Amino acid sequence: MADMILKKKALADFLRSLGRSYQVFGPKQEGGEVRFGPADGEVLLDYQNSRLSPKEFFFPQSERMFEFNADPKAEDAFLLKERPANLRPRLLFGIRPCDAKAFAVLDKIYGNDQYTDTYWFDKREATTLIGLACNRPCATCFCTSVGCGPFHEEGLDVLAVDLGEDVLLRPLTDKGEKALEAAGDLAKAGKKAAASAKALKTEAESSITSRVDMDKVNERTVMELFEADHWAKVAQRCLNCGVCTYVCPTCHCFDIQDEVSGQIGDRVRNWDSCMSWLFTQHGTGHNPRPDKTSRVRQRFMHKFKYIPLKRGGDIGCVGCGRCVVQCPVNIDVRDVVRDMNA
Amino acid sequence: MKNPYLPYPVRIDQIVVETEDKNLRSFRLVFIHPEDEKAFEYTPGQFAELSLAGYGEIPIGIASSPTEKGHLLFTVNKVGSVSSALHNMKVGDVMGVRGPLGNAYPLKAMEGRDVVIVAGGFAVTTLRSTVTWMLHPDHRKKYGKIYFIYGARTPGMLLYRDEMKKWQERDDIETYVTIDREHPDWKGLVGLVPVVLENVAPPSENATALVCGPPIMIRFTQPVLEKLGFADDRVVMSLENRMKCGIGICGRCNVGPEYVCKDGPVFTKAQLNKLPKEY
């Protein structure tokens with residue numbers, strides 16, 4: 001399918017017609033921040049980025065995995081049962097290319113060479129992603145140096161580009177084409193529209209001047225990076241508060257807990273954070289990552305060395321800059337990678 | 001898509017209190033659905049998540065051998081909330097097992113070679129599985145000499161004593177069971193595992209060592225193996241770390257880029273030399 005054109009005036013109708021086939025979500029202003037919520041025919045097009053990544057659509061902060069009857073006298077007492085997956089087709093409109101790239105990286109983590117995480121992929125398969133290219137990247141964005149970019153298409157089903165009066169819609173997958181067909185009346189994009197999308201892309205890419213370099217990180221061994229001196233310096237400031245892991249689109253670690261209330265039991269998985277001492281504590285009390293330095297080091301080593309080593313060179317960071325903005329003690333991931341690469 | 005987090009339902013068939021401090025119990029588990037036993041095809045060195053609905057899961061090495069049909073054996077130390085709840089379970093109770101998980105001891109690569117097994121305390125579980133597997137008539141001829149050196153603090157802290165007595169009577173395995181200090185009820189070997197290993201001095205040419213025990217034993221065993229001439233890629237160890245998913249996703253058990261749950265728990269010393277000591 002060719003690139004299509006949507007008149008901005010018709011955006012509300014476009015979203016409503018998608019709403020006949022999908023539950024549609026998009027960026028909304030919500031109490032001073034941008035969050036993804038039900039589109040209801042209206043979404044923001046001029047936002048820079050949401051405070052939280054939309055990873056919760058596939059990896060909810062808390063998710064029930066199984067249920068069980070906690071009545072010890074019941075026939076099926078304490079037998080775990082899968083919850084019926086009741087997944088209506090969903091469509092996320094207006095996510096940023098960096099967040100889509102993060103999903104592509106996480107696809108390689110939730111599906112490794114031996115196992116497939118059904119909870120992640122159930123929702124991934126039921127969801128269509130229409131991304132919105134970044135015409136105005138933030139000062140904290142560094143996507144272009146970590147294998148991503150403001151118009152990056154990986155992980156998306158459709159890329160939308162805001163051309164001013166119009167929105168260009170570029171279908172990238174079968175799922176994307178299906179969504180655009182479901183939306184109905186769209187005109188084919190002309191040469192002029194394609195040219196202005198291209199110009200916007202060049203302009204956006206050249207406006208991103210902050211970057212990280214990875215050449216020495218890639219060359220060095222795990223132990224060379226692990227034993228470097230600079231980790232203690234980063235750890236001095238770090239509070240191990242975990243906000244970076246909370247807002248990060250690629251942070252995917254989780255805990256599994258059982259919860260019982262009366263006769264109803266659930267096995268639940270919750271977001272977890274490598275910044276917590278309990279994350280690695282053994283039952284015996286021994287802790288292989290007993291101090292702040294080792295926990296801080298783990299987070300950066302995981303993203304910039306371990307994931308690239310194990311996932312064919314993909315970096316576990318997409319350069320969205322959320323951790324840079326949210327860190328209460330101004331730890332800047334770009335500085336940390338500069339130290340690793342020094 | 002098969003849900004990798006769903007345990008197989010099993011019934012507790014037998015519980016044995018293994019040690020004098022009553023902190024270690026062995027649980028013999030039988031699959032409720034016979035087809036699940038077929039699906040649970042494992043190799044010595046692997047582990048499983050024991051699942052107690054309402055409490056959670058714990059990763060425990062499989063102590064039974066695939067040659068022992070009809071049940072699985074797990075020996076569990078009581079340390080946290082799940083293992084404590086397990087210690088309160090009774091014969092006939094139903095629970096779950098998820099696995100088998102992780103890699104295994106390099107049984108194939110060790111064929112045609114001598115095998116030196118060095119174990120301490122309750123880390124002997126997956127090595128019990130290994131010895132039982134290797135001593136099976138279908139497998140014994142594939143290996144050269146087998147040495148089994150095992151120690152605990154006191155006679156009452158030794159696991160699987162009756163079985164080891166039978167191993168001591170066999171002539172196709174050299175079994176050395178030792179305790180740390182003299183004890184009135186003990187007529188066998190006395191001395192720390194590394195010292196016994198040094199005295200037994202199994203030849204290292206054409207041999208592989210499997211080592212599993214508490215960190216202090218590992219620390220003092222390594223120089224002895226080195227002195228005996230075992231190269232680092234012939235020293236095989238099994239690691240433990242806190243785990244949740246057991247399938248290389250949840251992100252906590254890693255040692256450098258390797259997940260202990262999926263890429264391990266079995267690593268050679270040569271591999272571990274290149275990794276951070278985060279275990």
# chains A, B, ... in the order shown; residues from 1 in each chain; ligands from 1

$ interface_residues --of "chain A" --to "chain B" --cutoff "9 Å" --atoms "only C-alpha atoms" --output "PyMOL selection string"
chain A and resi 65-66+68+70+77-82+109-112+114-119+122+221-223+226-227+252-260+265-267+272-274+279-284+286-289+294+298+301-302+305-307+309-310

$ residues_around --residues "Pro202 in chain B" --least-positions-apart "5" --cutoff "9 Å" --atoms "only C-alpha atoms" --output "PyMOL selection string"
chain B and resi 116+147+197+207+228

$ residues_around --residues "Val266 in chain B" --least-positions-apart "6" --cutoff "10 Å" --atoms "only C-alpha atoms" --output "list in words"
Gly45, Gln46, Gly102, Asn103, Ala104, Tyr105, Pro106, Leu210, Cys212, Val236, Met237, Ser238, Leu239, Glu240 and Val260 of chain B

$ select_by_dssp --residues "range 4-168 of chain A" --states "alpha helix (DSSP H)" --output "PyMOL selection string"
chain A and resi 11-18+97-110+118-125

$ write_last_selection --atoms "N, CA and C atoms" --output "tab-separated table (two decimals), in the first residue's frame"
chain	number	residue	atom	x	y	z
A	11	LEU	N	-9.10	14.16	11.43
A	11	LEU	CA	-8.45	13.24	12.38
A	11	LEU	C	-9.46	12.58	13.32
A	12	ALA	N	-10.39	13.40	13.83
A	12	ALA	CA	-11.38	12.86	14.78
A	12	ALA	C	-12.20	11.76	14.12
A	13	ASP	N	-12.63	12.00	12.86
A	13	ASP	CA	-13.41	10.98	12.15
A	13	ASP	C	-12.58	9.72	11.91
A	14	PHE	N	-11.30	9.94	11.57
A	14	PHE	CA	-10.37	8.82	11.34
A	14	PHE	C	-10.28	7.94	12.59
A	15	LEU	N	-10.11	8.58	13.74
A	15	LEU	CA	-9.99	7.83	14.99
A	15	LEU	C	-11.29	7.13	15.33
A	16	ARG	N	-12.42	7.81	15.05
A	16	ARG	CA	-13.72	7.20	15.35
A	16	ARG	C	-13.99	5.99	14.46
A	17	SER	N	-13.58	6.11	13.19
A	17	SER	CA	-13.83	4.95	12.32
A	17	SER	C	-12.90	3.79	12.71
A	18	LEU	N	-11.68	4.09	13.17
A	18	LEU	CA	-10.81	3.02	13.69
A	18	LEU	C	-11.46	2.38	14.92
A	97	PRO	N	8.60	6.91	17.82
A	97	PRO	CA	9.41	5.85	17.22
A	97	PRO	C	10.37	5.19	18.22
A	98	CYS	N	10.87	5.94	19.20
A	98	CYS	CA	11.80	5.34	20.17
A	98	CYS	C	11.09	4.27	20.99
A	99	ASP	N	9.82	4.54	21.35
A	99	ASP	CA	9.09	3.56	22.14
A	99	ASP	C	8.77	2.30	21.33
A	100	ALA	N	8.52	2.49	20.02
A	100	ALA	CA	8.27	1.33	19.16
A	100	ALA	C	9.54	0.50	19.00
A	101	LYS	N	10.68	1.19	18.87
A	101	LYS	CA	11.95	0.48	18.77
A	101	LYS	C	12.19	-0.31	20.07
A	102	ALA	N	11.81	0.27	21.21
A	102	ALA	CA	11.96	-0.42	22.49
A	102	ALA	C	11.15	-1.73	22.48
A	103	PHE	N	9.97	-1.69	21.88
A	103	PHE	CA	9.16	-2.92	21.82
A	103	PHE	C	9.86	-3.96	20.94
A	104	ALA	N	10.50	-3.50	19.87
A	104	ALA	CA	11.22	-4.43	19.00
A	104	ALA	C	12.37	-5.09	19.76
A	105	VAL	N	13.05	-4.31	20.62
A	105	VAL	CA	14.13	-4.88	21.44
A	105	VAL	C	13.54	-5.87	22.44
A	106	LEU	N	12.43	-5.47	23.07
A	106	LEU	CA	11.83	-6.35	24.08
A	106	LEU	C	11.26	-7.63	23.48
A	107	ASP	N	10.85	-7.56	22.20
A	107	ASP	CA	10.40	-8.79	21.54
A	107	ASP	C	11.50	-9.85	21.58
A	108	LYS	N	12.77	-9.40	21.47
A	108	LYS	CA	13.89	-10.34	21.47
A	108	LYS	C	14.20	-10.85	22.88
A	109	ILE	N	13.72	-10.13	23.89
A	109	ILE	CA	13.98	-10.53	25.27
A	109	ILE	C	12.84	-11.40	25.80
A	110	TYR	N	11.62	-10.99	25.51
A	110	TYR	CA	10.46	-11.80	25.95
A	110	TYR	C	10.31	-13.07	25.11
A	118	THR	N	4.16	-15.63	26.93
A	118	THR	CA	2.83	-15.53	26.33
A	118	THR	C	2.14	-14.23	26.71
A	119	TYR	N	2.40	-13.73	27.90
A	119	TYR	CA	1.70	-12.51	28.36
A	119	TYR	C	2.11	-11.30	27.52
A	120	TRP	N	3.37	-11.23	27.17
A	120	TRP	CA	3.85	-10.13	26.33
A	120	TRP	C	3.32	-10.28	24.90
A	121	PHE	N	3.47	-11.45	24.31
A	121	PHE	CA	3.14	-11.61	22.90
A	121	PHE	C	1.64	-11.66	22.61
A	122	ASP	N	0.84	-12.14	23.57
A	122	ASP	CA	-0.63	-12.06	23.40
A	122	ASP	C	-1.05	-10.63	23.08
A	123	LYS	N	-0.53	-9.72	23.88
A	123	LYS	CA	-0.94	-8.32	23.74
A	123	LYS	C	-0.25	-7.65	22.54
A	124	ARG	N	0.99	-8.05	22.28
A	124	ARG	CA	1.67	-7.49	21.10
A	124	ARG	C	0.91	-7.84	19.83
A	125	GLU	N	0.49	-9.11	19.74
A	125	GLU	CA	-0.20	-9.55	18.53
A	125	GLU	C	-1.56	-8.89	18.37

$ select_by_dssp --residues "range 188-295 of chain A" --states "strand (DSSP E)" --output "list in words"
Lys188, Phe254, Asp255, Ile256, Gln257, Asp258, Glu259, Val260, Ser261, Ile264, Gly265, Asp266, Arg267, Val268, Arg269, Asn270 and Trp271 of chain A

$ closest_residue --among "A:Trp277, A:Trp231, A:Tyr246, A:Phe304" --to "Met214 in chain A" --atoms "only C-alpha atoms"
A:Phe304

$ residues_around --residues "Leu24 in chain B" --least-positions-apart "3" --cutoff "7 Å" --atoms "only C-alpha atoms" --output "ChimeraX atom specification"
/B:17-19,75-78

$ residues_around --residues "range 149-166 of chain A" --least-positions-apart "2" --cutoff "9 Å" --atoms "only C-alpha atoms" --output "ChimeraX atom specification"
/A:5-9,45-46,93-94,96-105,128-137,142-147,168-177,179-180,193,196-197,200-201,204-205,208,318-319

$ residues_around --residues "range 320-331 of chain A" --least-positions-apart "4" --cutoff "8 Å" --atoms "only C-alpha atoms" --output "list of chain:residue names"
A:Arg51, A:Leu52, A:Cys98, A:Asp99, A:Thr140, A:Cys141, A:Phe142, A:Cys143, A:Val234, A:Arg237, A:Cys238, A:Leu239, A:Val243, A:Cys244, A:Thr245, A:Val247, A:Cys248, A:Asp335, A:Val336

$ residues_around --residues "Met340 in chain A" --least-positions-apart "3" --cutoff "7 Å" --atoms "only C-alpha atoms" --output "CSV table (one decimal) with C-alpha atoms, in the first residue's frame"
chain,number,residue,atom,x,y,z
A,217,VAL,CA,32.2,-0.3,24.8
A,225,LEU,CA,34.0,-2.5,31.7
A,336,VAL,CA,27.7,7.3,32.0
A,337,VAL,CA,28.2,5.8,28.5

$ closest_residue --among "A:Asp3, A:Glu219, A:Asp213, A:Glu75" --to "Arg334 in chain A" --atoms "only C-alpha atoms"
A:Asp213

$ atom_distance --atom1 "CA of Ser204 in chain B" --atom2 "CA of Gln271 in chain B"
19.1 Å

$ atom_distance --atom1 "CA of Val97 in chain B" --atom2 "CA of Val118 in chain B"
27.8 Å
